[in-house]
Amino acid sequence: MDLEGTEVCEWLNSRGVACFLLKYRVPGTGPYPKSAAALEDAQRAVGMVRARAGEWKVDPKKIGVLGFSAGGHLAAAVSTHYETRLYAKVDSADELSCRPDFAVVVYPGELADPKKGMEFSADIPVTKDTPPTFLVQAEDDSVHVENAVSYFLALKGAGVPTELHVYAEGGHGYGLRRTKLPVTGWPDLVDEWMKTIGVTTGAQ
């Protein structure tokens with residue numbers, strides 16, 4: 001909750017970006033479609049933020065998702081599974097779109113299948129309407145850099161604006177914590193990317 005949660009919110013807040021931290025269910029059976037729980041939580045969260053945007057003083061047309069590792073997979077999943085809620089309607093928030101307006105996906109897992117030569121997962125149905133996405137992963141990541149690379153190629157093939165950063169070293173699970181490796185500079189690249197897609201404006 002700190003490495004890939006509260007520390008991320010503090011960083012975004014320092015850049016003038018509101019952050020909502022989602023504590024989602026992580027079933028042992030694996031991500032969607034093996035289990036819908038995590039994706040249900042993400043769909044619900046995006047809808048709730050959009051429904052209460054006025055109260056919370058955020059722009060309902062600039063709601064993004066950011067996730068690391070399993071959360072990176074979840075960010076990709078909610079970016080591609082938003083037309084239909086996977087749960088019964090709770091309230092009016094579930095009548096609003098749960099499509100993120102942008103996504104930041106950091107060292108994701110389970111987007112490429114090692115049993116199929118790292119083939120991109122058919123469970124992440126990328127279309128031209130998938131939101132703009134920023135991807136970062138290290139080549140020596142034990143979870144396999146092909147997860148980010150294959151997602152990038154799928155997004156590129158669908159004509160989705162996307163940016164991919166691959167580093168030689170970094171491993172897995174570094175979050176925002178500073179290291180001596182170049183990968184540690186990825187948050188600065190996200191800062192610039194959010195400006196280029198119009199989420200933020202100028203220096204904070």
# chains A, B, ... in the order shown; residues from 1 in each chain; ligands from 1
call {"tool": "select_by_dssp", "arguments": {"residues": "region 79-173 of chain A", "states": "alpha helix (DSSP H)", "output": "list in words"}}
result
Ser79, Thr80, Glu146, Asn147, Ala148, Val149, Ser150, Tyr151, Phe152, Leu153, Ala154, Leu155, Lys156 and Gly157 of chain A
call {"tool": "write_last_selection", "arguments": {"atoms": "all heavy atoms", "output": "mmCIF file, in the first residue's frame"}}
result
data_model
loop_
_atom_site.group_PDB
_atom_site.id
_atom_site.type_symbol
_atom_site.label_atom_id
_atom_site.label_comp_id
_atom_site.auth_asym_id
_atom_site.auth_seq_id
_atom_site.Cartn_x
_atom_site.Cartn_y
_atom_site.Cartn_z
ATOM 1 N N SER A 79 -8.979 -0.722 -19.023
ATOM 2 C CA SER A 79 -8.862 0.084 -20.235
ATOM 3 C C SER A 79 -9.498 -0.599 -21.437
ATOM 4 O O SER A 79 -9.745 0.046 -22.463
ATOM 5 C CB SER A 79 -7.379 0.354 -20.555
ATOM 6 O OG SER A 79 -6.785 1.187 -19.581
ATOM 7 N N THR A 80 -9.742 -1.888 -21.315
ATOM 8 C CA THR A 80 -10.283 -2.652 -22.439
ATOM 9 C C THR A 80 -11.598 -3.360 -22.114
ATOM 10 O O THR A 80 -12.208 -3.957 -23.001
ATOM 11 C CB THR A 80 -9.255 -3.697 -22.925
ATOM 12 O OG1 THR A 80 -8.834 -4.507 -21.825
ATOM 13 C CG2 THR A 80 -8.025 -3.013 -23.522
ATOM 14 N N GLU A 146 8.273 -8.667 -22.164
ATOM 15 C CA GLU A 146 7.330 -8.872 -23.261
ATOM 16 C C GLU A 146 5.912 -8.473 -22.898
ATOM 17 O O GLU A 146 5.088 -8.197 -23.789
ATOM 18 C CB GLU A 146 7.352 -10.338 -23.711
ATOM 19 C CG GLU A 146 8.588 -10.739 -24.481
ATOM 20 C CD GLU A 146 9.742 -11.178 -23.594
ATOM 21 O OE1 GLU A 146 9.657 -10.991 -22.352
ATOM 22 O OE2 GLU A 146 10.739 -11.690 -24.134
ATOM 23 N N ASN A 147 5.591 -8.411 -21.610
ATOM 24 C CA ASN A 147 4.254 -7.967 -21.206
ATOM 25 C C ASN A 147 3.989 -6.541 -21.677
ATOM 26 O O ASN A 147 2.955 -6.256 -22.290
ATOM 27 C CB ASN A 147 4.107 -8.059 -19.681
ATOM 28 C CG ASN A 147 3.938 -9.478 -19.199
ATOM 29 O OD1 ASN A 147 2.891 -10.069 -19.347
ATOM 30 N ND2 ASN A 147 5.000 -10.036 -18.632
ATOM 31 N N ALA A 148 4.940 -5.652 -21.419
ATOM 32 C CA ALA A 148 4.782 -4.263 -21.853
ATOM 33 C C ALA A 148 4.935 -4.141 -23.362
ATOM 34 O O ALA A 148 4.190 -3.407 -24.016
ATOM 35 C CB ALA A 148 5.797 -3.363 -21.145
ATOM 36 N N VAL A 149 5.916 -4.859 -23.917
ATOM 37 C CA VAL A 149 6.179 -4.751 -25.354
ATOM 38 C C VAL A 149 4.999 -5.251 -26.175
ATOM 39 O O VAL A 149 4.587 -4.620 -27.157
ATOM 40 C CB VAL A 149 7.468 -5.517 -25.717
ATOM 41 C CG1 VAL A 149 7.663 -5.545 -27.225
ATOM 42 C CG2 VAL A 149 8.679 -4.884 -25.036
ATOM 43 N N SER A 150 4.423 -6.383 -25.787
ATOM 44 C CA SER A 150 3.298 -6.929 -26.555
ATOM 45 C C SER A 150 2.068 -6.041 -26.436
ATOM 46 O O SER A 150 1.316 -5.885 -27.409
ATOM 47 C CB SER A 150 2.975 -8.353 -26.097
ATOM 48 O OG SER A 150 2.541 -8.385 -24.746
ATOM 49 N N TYR A 151 1.883 -5.412 -25.280
ATOM 50 C CA TYR A 151 0.751 -4.497 -25.122
ATOM 51 C C TYR A 151 0.958 -3.263 -25.995
ATOM 52 O O TYR A 151 0.031 -2.783 -26.658
ATOM 53 C CB TYR A 151 0.581 -4.120 -23.654
ATOM 54 C CG TYR A 151 -0.710 -3.375 -23.340
ATOM 55 C CD1 TYR A 151 -1.888 -3.615 -24.045
ATOM 56 C CD2 TYR A 151 -0.758 -2.436 -22.306
ATOM 57 C CE1 TYR A 151 -3.059 -2.949 -23.752
ATOM 58 C CE2 TYR A 151 -1.934 -1.769 -21.993
ATOM 59 C CZ TYR A 151 -3.080 -2.030 -22.722
ATOM 60 O OH TYR A 151 -4.258 -1.351 -22.427
ATOM 61 N N PHE A 152 2.174 -2.770 -26.014
ATOM 62 C CA PHE A 152 2.493 -1.628 -26.866
ATOM 63 C C PHE A 152 2.179 -1.924 -28.332
ATOM 64 O O PHE A 152 1.557 -1.114 -29.032
ATOM 65 C CB PHE A 152 3.974 -1.260 -26.720
ATOM 66 C CG PHE A 152 4.458 -0.282 -27.743
ATOM 67 C CD1 PHE A 152 4.189 1.074 -27.625
ATOM 68 C CD2 PHE A 152 5.178 -0.718 -28.858
ATOM 69 C CE1 PHE A 152 4.629 1.975 -28.590
ATOM 70 C CE2 PHE A 152 5.618 0.178 -29.821
ATOM 71 C CZ PHE A 152 5.342 1.526 -29.685
ATOM 72 N N LEU A 153 2.584 -3.084 -28.804
ATOM 73 C CA LEU A 153 2.355 -3.440 -30.196
ATOM 74 C C LEU A 153 0.864 -3.586 -30.499
ATOM 75 O O LEU A 153 0.410 -3.207 -31.580
ATOM 76 C CB LEU A 153 3.101 -4.732 -30.537
ATOM 77 C CG LEU A 153 4.631 -4.611 -30.559
ATOM 78 C CD1 LEU A 153 5.269 -5.984 -30.745
ATOM 79 C CD2 LEU A 153 5.081 -3.646 -31.646
ATOM 80 N N ALA A 154 0.114 -4.114 -29.534
ATOM 81 C CA ALA A 154 -1.333 -4.233 -29.720
ATOM 82 C C ALA A 154 -1.977 -2.853 -29.796
ATOM 83 O O ALA A 154 -2.846 -2.599 -30.638
ATOM 84 C CB ALA A 154 -1.946 -5.048 -28.589
ATOM 85 N N LEU A 155 -1.551 -1.947 -28.928
ATOM 86 C CA LEU A 155 -2.066 -0.581 -28.939
ATOM 87 C C LEU A 155 -1.693 0.126 -30.240
ATOM 88 O O LEU A 155 -2.526 0.780 -30.877
ATOM 89 C CB LEU A 155 -1.516 0.195 -27.739
ATOM 90 C CG LEU A 155 -2.015 -0.250 -26.354
ATOM 91 C CD1 LEU A 155 -1.103 0.292 -25.261
ATOM 92 C CD2 LEU A 155 -3.446 0.208 -26.117
ATOM 93 N N LYS A 156 -0.436 -0.029 -30.640
ATOM 94 C CA LYS A 156 0.042 0.578 -31.884
ATOM 95 C C LYS A 156 -0.773 0.060 -33.068
ATOM 96 O O LYS A 156 -1.179 0.836 -33.950
ATOM 97 C CB LYS A 156 1.517 0.271 -32.080
ATOM 98 C CG LYS A 156 2.129 0.837 -33.365
ATOM 99 C CD LYS A 156 3.611 0.500 -33.433
ATOM 100 C CE LYS A 156 4.249 1.073 -34.699
ATOM 101 N NZ LYS A 156 3.763 0.422 -35.929
ATOM 102 N N GLY A 157 -1.030 -1.237 -33.084
ATOM 103 C CA GLY A 157 -1.778 -1.832 -34.173
ATOM 104 C C GLY A 157 -3.198 -1.331 -34.270
ATOM 105 O O GLY A 157 -3.792 -1.301 -35.356
#
call {"tool": "residues_around", "arguments": {"residues": "Ala38 (chain A)", "least_positions_apart": "2", "cutoff": "9 Å", "atoms": "only C-alpha atoms", "output": "PyMOL selection string"}}
result
chain A and resi 24-27+31-32+35-36+40-43+74
call {"tool": "write_last_selection", "arguments": {"atoms": "C-alpha atoms", "output": "PDB file, in the first residue's frame"}}
result
ATOM      1  CA  TYR A  24      -8.834  -4.070  -4.748  1.00  0.00           C
ATOM      2  CA  ARG A  25      -9.432  -7.782  -4.324  1.00  0.00           C
ATOM      3  CA  VAL A  26      -6.661 -10.097  -5.565  1.00  0.00           C
ATOM      4  CA  PRO A  27      -8.101 -13.611  -5.846  1.00  0.00           C
ATOM      5  CA  PRO A  31      -6.850 -11.988 -13.007  1.00  0.00           C
ATOM      6  CA  TYR A  32      -9.867 -11.663 -15.262  1.00  0.00           C
ATOM      7  CA  SER A  35     -11.698 -14.074 -11.551  1.00  0.00           C
ATOM      8  CA  ALA A  36     -13.689 -10.891 -12.124  1.00  0.00           C
ATOM      9  CA  GLU A  40     -15.148  -5.275 -10.837  1.00  0.00           C
ATOM     10  CA  ASP A  41     -13.426  -3.149  -8.206  1.00  0.00           C
ATOM     11  CA  ALA A  42     -11.621  -1.083 -10.860  1.00  0.00           C
ATOM     12  CA  GLN A  43     -14.797  -0.545 -12.896  1.00  0.00           C
ATOM     13  CA  LEU A  74      -5.643  -4.363 -13.961  1.00  0.00           C
TER      14      LEU A  74
END
call {"tool": "closest_residue", "arguments": {"among": "A:Val58, A:Leu86, A:Val190, A:Ala75", "to": "Val17 (chain A)", "atoms": "only C-alpha atoms"}}
result
A:Val58
call {"tool": "closest_atom_pairs", "arguments": {"of": "region 57-133 of chain A", "to": "region 169-174 of chain A", "cutoff": "8 Å", "atoms": "only C-alpha atoms", "output": "Markdown table"}}
result
| residue | atom | partner | partner_atom | distance |
| --- | --- | --- | --- | --- |
| A:Phe68 | CA | A:Gly173 | CA | 7.8 |
| A:Ser69 | CA | A:Gly173 | CA | 7.5 |
| A:Tyr107 | CA | A:His172 | CA | 6.8 |
call {"tool": "write_last_selection", "arguments": {"atoms": "N, CA, C and O atoms", "output": "tab-separated table (two decimals), in the first residue's frame"}}
result
chain	number	residue	atom	x	y	z
A	68	PHE	N	0.83	-1.01	-11.03
A	68	PHE	CA	2.13	-1.68	-11.05
A	68	PHE	C	1.91	-3.19	-10.97
A	68	PHE	O	1.09	-3.66	-10.18
A	69	SER	N	2.66	-3.95	-11.75
A	69	SER	CA	2.65	-5.40	-11.68
A	69	SER	C	1.23	-5.95	-11.90
A	69	SER	O	0.66	-5.73	-12.97
A	107	TYR	N	5.60	-2.04	-15.17
A	107	TYR	CA	6.01	-3.45	-15.08
A	107	TYR	C	4.82	-4.41	-14.91
A	107	TYR	O	4.70	-5.14	-13.93
call {"tool": "residues_around", "arguments": {"residues": "Gly5 (chain A)", "least_positions_apart": "3", "cutoff": "9 Å", "atoms": "only C-alpha atoms", "output": "list in words"}}
result
Met1, Asp2, Val8, Cys9, Glu10, Leu21, Leu22 and Lys23 of chain A
call {"tool": "write_last_selection", "arguments": {"atoms": "all heavy atoms", "output": "PDB file, in the first residue's frame"}}
result
ATOM      1  N   MET A   1       0.823  -1.222   0.000  1.00  0.00           N
ATOM      2  CA  MET A   1       0.000   0.000   0.000  1.00  0.00           C
ATOM      3  C   MET A   1       0.851   1.264   0.000  1.00  0.00           C
ATOM      4  O   MET A   1       0.370   2.336  -0.322  1.00  0.00           O
ATOM      5  CB  MET A   1      -0.932   0.006   1.211  1.00  0.00           C
ATOM      6  CG  MET A   1      -2.077  -0.989   1.117  1.00  0.00           C
ATOM      7  SD  MET A   1      -3.276  -0.557  -0.171  1.00  0.00           S
ATOM      8  CE  MET A   1      -4.150   0.781   0.639  1.00  0.00           C
ATOM      9  N   ASP A   2       2.130   1.141   0.391  1.00  0.00           N
ATOM     10  CA  ASP A   2       2.987   2.328   0.377  1.00  0.00           C
ATOM     11  C   ASP A   2       3.804   2.401  -0.911  1.00  0.00           C
ATOM     12  O   ASP A   2       3.692   3.355  -1.674  1.00  0.00           O
ATOM     13  CB  ASP A   2       3.898   2.360   1.613  1.00  0.00           C
ATOM     14  CG  ASP A   2       4.736   1.090   1.786  1.00  0.00           C
ATOM     15  OD1 ASP A   2       4.542   0.124   1.023  1.00  0.00           O
ATOM     16  OD2 ASP A   2       5.595   1.070   2.692  1.00  0.00           O
ATOM     17  N   VAL A   8       2.805   6.836  -4.365  1.00  0.00           N
ATOM     18  CA  VAL A   8       2.412   7.272  -5.711  1.00  0.00           C
ATOM     19  C   VAL A   8       1.448   8.446  -5.614  1.00  0.00           C
ATOM     20  O   VAL A   8       1.542   9.415  -6.376  1.00  0.00           O
ATOM     21  CB  VAL A   8       1.772   6.098  -6.488  1.00  0.00           C
ATOM     22  CG1 VAL A   8       1.350   6.543  -7.877  1.00  0.00           C
ATOM     23  CG2 VAL A   8       2.753   4.932  -6.577  1.00  0.00           C
ATOM     24  N   CYS A   9       0.527   8.367  -4.670  1.00  0.00           N
ATOM     25  CA  CYS A   9      -0.414   9.474  -4.478  1.00  0.00           C
ATOM     26  C   CYS A   9       0.314  10.752  -4.073  1.00  0.00           C
ATOM     27  O   CYS A   9      -0.005  11.840  -4.557  1.00  0.00           O
ATOM     28  CB  CYS A   9      -1.462   9.102  -3.429  1.00  0.00           C
ATOM     29  SG  CYS A   9      -2.727   7.958  -4.024  1.00  0.00           S
ATOM     30  N   GLU A  10       1.310  10.624  -3.198  1.00  0.00           N
ATOM     31  CA  GLU A  10       2.067  11.800  -2.777  1.00  0.00           C
ATOM     32  C   GLU A  10       2.799  12.422  -3.963  1.00  0.00           C
ATOM     33  O   GLU A  10       2.854  13.646  -4.099  1.00  0.00           O
ATOM     34  CB  GLU A  10       3.058  11.395  -1.680  1.00  0.00           C
ATOM     35  CG  GLU A  10       2.375  11.043  -0.352  1.00  0.00           C
ATOM     36  CD  GLU A  10       3.324  10.412   0.642  1.00  0.00           C
ATOM     37  OE1 GLU A  10       4.530  10.246   0.303  1.00  0.00           O
ATOM     38  OE2 GLU A  10       2.883  10.061   1.751  1.00  0.00           O
ATOM     39  N   LEU A  21      -6.672   6.093  -4.190  1.00  0.00           N
ATOM     40  CA  LEU A  21      -5.980   4.818  -4.025  1.00  0.00           C
ATOM     41  C   LEU A  21      -6.998   3.693  -3.872  1.00  0.00           C
ATOM     42  O   LEU A  21      -7.815   3.699  -2.951  1.00  0.00           O
ATOM     43  CB  LEU A  21      -5.064   4.879  -2.801  1.00  0.00           C
ATOM     44  CG  LEU A  21      -4.255   3.624  -2.462  1.00  0.00           C
ATOM     45  CD1 LEU A  21      -3.397   3.194  -3.640  1.00  0.00           C
ATOM     46  CD2 LEU A  21      -3.390   3.884  -1.230  1.00  0.00           C
ATOM     47  N   LEU A  22      -6.950   2.731  -4.788  1.00  0.00           N
ATOM     48  CA  LEU A  22      -7.896   1.614  -4.771  1.00  0.00           C
ATOM     49  C   LEU A  22      -7.258   0.384  -4.135  1.00  0.00           C
ATOM     50  O   LEU A  22      -6.234  -0.113  -4.605  1.00  0.00           O
ATOM     51  CB  LEU A  22      -8.332   1.279  -6.207  1.00  0.00           C
ATOM     52  CG  LEU A  22      -9.190   0.023  -6.375  1.00  0.00           C
ATOM     53  CD1 LEU A  22     -10.520   0.161  -5.652  1.00  0.00           C
ATOM     54  CD2 LEU A  22      -9.397  -0.297  -7.857  1.00  0.00           C
ATOM     55  N   LYS A  23      -7.881  -0.099  -3.077  1.00  0.00           N
ATOM     56  CA  LYS A  23      -7.482  -1.369  -2.483  1.00  0.00           C
ATOM     57  C   LYS A  23      -8.433  -2.419  -3.045  1.00  0.00           C
ATOM     58  O   LYS A  23      -9.580  -2.532  -2.617  1.00  0.00           O
ATOM     59  CB  LYS A  23      -7.576  -1.315  -0.952  1.00  0.00           C
ATOM     60  CG  LYS A  23      -7.044  -2.577  -0.275  1.00  0.00           C
ATOM     61  CD  LYS A  23      -7.058  -2.428   1.251  1.00  0.00           C
ATOM     62  CE  LYS A  23      -6.477  -3.669   1.921  1.00  0.00           C
ATOM     63  NZ  LYS A  23      -6.461  -3.524   3.404  1.00  0.00           N
TER      64      LYS A  23
END
call {"tool": "closest_residue", "arguments": {"among": "A:Gly67, A:Pro114, A:Gly175, A:Gly159", "to": "Val145 (chain A)", "atoms": "only C-alpha atoms"}}
result
A:Pro114
call {"tool": "atom_distance", "arguments": {"atom1": "CA of Val65 (chain A)", "atom2": "CA of Gly117 (chain A)"}}
result
28.4 Å
call {"tool": "closest_residue", "arguments": {"among": "A:Ser121, A:Thr184, A:Ser97, A:Thr84", "to": "Arg50 (chain A)", "atoms": "only C-alpha atoms"}}
result
A:Ser97
call {"tool": "closest_residue", "arguments": {"among": "A:Ala76, A:Val183, A:Leu96, A:Ile197", "to": "Thr130 (chain A)", "atoms": "only C-alpha atoms"}}
result
A:Ala76
call {"tool": "atom_distance", "arguments": {"atom1": "CA of Thr200 (chain A)", "atom2": "CA of Ile63 (chain A)"}}
result
11.5 Å
call {"tool": "closest_residue", "arguments": {"among": "A:Asp94, A:Asp141, A:Asp129, A:Asp191", "to": "Pro108 (chain A)", "atoms": "only C-alpha atoms"}}
result
A:Asp141
call {"tool": "closest_residue", "arguments": {"among": "A:Ala168, A:Val49, A:Ala103, A:Ala18", "to": "Thr133 (chain A)", "atoms": "only C-alpha atoms"}}
result
A:Ala103
call {"tool": "select_by_dssp", "arguments": {"residues": "region 16-182 of chain A", "states": "strand (DSSP E or B)", "output": "PDB file with N, CA and C atoms, in the first residue's frame"}}
result
ATOM      1  N   GLY A  64      -7.706   8.987 -15.023  1.00  0.00           N
ATOM      2  CA  GLY A  64      -6.817   7.943 -15.494  1.00  0.00           C
ATOM      3  C   GLY A  64      -6.636   6.838 -14.476  1.00  0.00           C
ATOM      4  N   VAL A  65      -5.937   5.801 -14.895  1.00  0.00           N
ATOM      5  CA  VAL A  65      -5.586   4.701 -13.993  1.00  0.00           C
ATOM      6  C   VAL A  65      -4.080   4.483 -14.074  1.00  0.00           C
ATOM      7  N   LEU A  66      -3.492   4.098 -12.954  1.00  0.00           N
ATOM      8  CA  LEU A  66      -2.069   3.807 -12.886  1.00  0.00           C
ATOM      9  C   LEU A  66      -1.903   2.553 -12.055  1.00  0.00           C
ATOM     10  N   GLY A  67      -1.154   1.593 -12.575  1.00  0.00           N
ATOM     11  CA  GLY A  67      -0.976   0.357 -11.825  1.00  0.00           C
ATOM     12  C   GLY A  67       0.382  -0.262 -12.043  1.00  0.00           C
ATOM     13  N   PHE A  68       0.832  -1.006 -11.030  1.00  0.00           N
ATOM     14  CA  PHE A  68       2.126  -1.682 -11.051  1.00  0.00           C
ATOM     15  C   PHE A  68       1.912  -3.188 -10.966  1.00  0.00           C
ATOM     16  N   PHE A 102      -6.995   7.830 -19.655  1.00  0.00           N
ATOM     17  CA  PHE A 102      -5.600   7.507 -19.950  1.00  0.00           C
ATOM     18  C   PHE A 102      -5.137   6.454 -18.955  1.00  0.00           C
ATOM     19  N   ALA A 103      -4.018   5.818 -19.246  1.00  0.00           N
ATOM     20  CA  ALA A 103      -3.515   4.764 -18.359  1.00  0.00           C
ATOM     21  C   ALA A 103      -1.996   4.791 -18.302  1.00  0.00           C
ATOM     22  N   VAL A 104      -1.468   4.539 -17.114  1.00  0.00           N
ATOM     23  CA  VAL A 104      -0.032   4.380 -16.915  1.00  0.00           C
ATOM     24  C   VAL A 104       0.170   2.961 -16.387  1.00  0.00           C
ATOM     25  N   VAL A 105       0.901   2.159 -17.150  1.00  0.00           N
ATOM     26  CA  VAL A 105       1.058   0.737 -16.855  1.00  0.00           C
ATOM     27  C   VAL A 105       2.536   0.454 -16.600  1.00  0.00           C
ATOM     28  N   VAL A 106       2.860   0.116 -15.347  1.00  0.00           N
ATOM     29  CA  VAL A 106       4.257  -0.048 -14.939  1.00  0.00           C
ATOM     30  C   VAL A 106       4.543  -1.509 -14.583  1.00  0.00           C
ATOM     31  N   ALA A 112       1.231 -11.105 -21.549  1.00  0.00           N
ATOM     32  CA  ALA A 112       1.797 -11.990 -22.564  1.00  0.00           C
ATOM     33  C   ALA A 112       1.925 -13.383 -21.956  1.00  0.00           C
ATOM     34  N   ASP A 113       1.627 -14.398 -22.751  1.00  0.00           N
ATOM     35  CA  ASP A 113       1.553 -15.775 -22.258  1.00  0.00           C
ATOM     36  C   ASP A 113       2.848 -16.531 -22.538  1.00  0.00           C
ATOM     37  N   GLU A 119       2.961 -14.686 -26.483  1.00  0.00           N
ATOM     38  CA  GLU A 119       1.882 -14.136 -27.314  1.00  0.00           C
ATOM     39  C   GLU A 119       1.002 -13.217 -26.472  1.00  0.00           C
ATOM     40  N   PHE A 120       0.550 -12.117 -27.054  1.00  0.00           N
ATOM     41  CA  PHE A 120      -0.281 -11.162 -26.322  1.00  0.00           C
ATOM     42  C   PHE A 120      -1.593 -11.808 -25.902  1.00  0.00           C
ATOM     43  N   THR A 133      -1.979   5.299 -23.552  1.00  0.00           N
ATOM     44  CA  THR A 133      -1.310   4.506 -22.513  1.00  0.00           C
ATOM     45  C   THR A 133       0.198   4.749 -22.502  1.00  0.00           C
ATOM     46  N   PHE A 134       0.736   4.859 -21.291  1.00  0.00           N
ATOM     47  CA  PHE A 134       2.180   4.977 -21.062  1.00  0.00           C
ATOM     48  C   PHE A 134       2.644   3.661 -20.448  1.00  0.00           C
ATOM     49  N   LEU A 135       3.703   3.078 -21.011  1.00  0.00           N
ATOM     50  CA  LEU A 135       4.205   1.791 -20.542  1.00  0.00           C
ATOM     51  C   LEU A 135       5.677   1.889 -20.167  1.00  0.00           C
ATOM     52  N   VAL A 136       6.053   1.226 -19.068  1.00  0.00           N
ATOM     53  CA  VAL A 136       7.465   1.175 -18.692  1.00  0.00           C
ATOM     54  C   VAL A 136       7.768  -0.184 -18.071  1.00  0.00           C
ATOM     55  N   GLN A 137       8.913  -0.747 -18.441  1.00  0.00           N
ATOM     56  CA  GLN A 137       9.349  -2.016 -17.872  1.00  0.00           C
ATOM     57  C   GLN A 137      10.841  -2.193 -18.142  1.00  0.00           C
ATOM     58  N   ALA A 138      11.503  -2.980 -17.310  1.00  0.00           N
ATOM     59  CA  ALA A 138      12.924  -3.256 -17.487  1.00  0.00           C
ATOM     60  C   ALA A 138      13.115  -4.576 -18.228  1.00  0.00           C
ATOM     61  N   THR A 162       0.318   5.733 -27.781  1.00  0.00           N
ATOM     62  CA  THR A 162       0.982   5.005 -26.703  1.00  0.00           C
ATOM     63  C   THR A 162       2.461   5.328 -26.673  1.00  0.00           C
ATOM     64  N   GLU A 163       3.047   5.231 -25.501  1.00  0.00           N
ATOM     65  CA  GLU A 163       4.471   5.521 -25.320  1.00  0.00           C
ATOM     66  C   GLU A 163       5.074   4.396 -24.499  1.00  0.00           C
ATOM     67  N   LEU A 164       6.156   3.814 -24.992  1.00  0.00           N
ATOM     68  CA  LEU A 164       6.805   2.678 -24.336  1.00  0.00           C
ATOM     69  C   LEU A 164       8.246   3.028 -23.971  1.00  0.00           C
ATOM     70  N   HIS A 165       8.628   2.721 -22.716  1.00  0.00           N
ATOM     71  CA  HIS A 165      10.003   2.917 -22.266  1.00  0.00           C
ATOM     72  C   HIS A 165      10.526   1.603 -21.700  1.00  0.00           C
ATOM     73  N   VAL A 166      11.563   1.075 -22.324  1.00  0.00           N
ATOM     74  CA  VAL A 166      12.169  -0.177 -21.884  1.00  0.00           C
ATOM     75  C   VAL A 166      13.598   0.114 -21.441  1.00  0.00           C
ATOM     76  N   TYR A 167      13.954  -0.351 -20.257  1.00  0.00           N
ATOM     77  CA  TYR A 167      15.285  -0.130 -19.700  1.00  0.00           C
ATOM     78  C   TYR A 167      16.024  -1.460 -19.585  1.00  0.00           C
TER      79      TYR A 167
END
call {"tool": "atom_distance", "arguments": {"atom1": "CA of Asn13 (chain A)", "atom2": "CA of Leu176 (chain A)"}}
result
13.8 Å
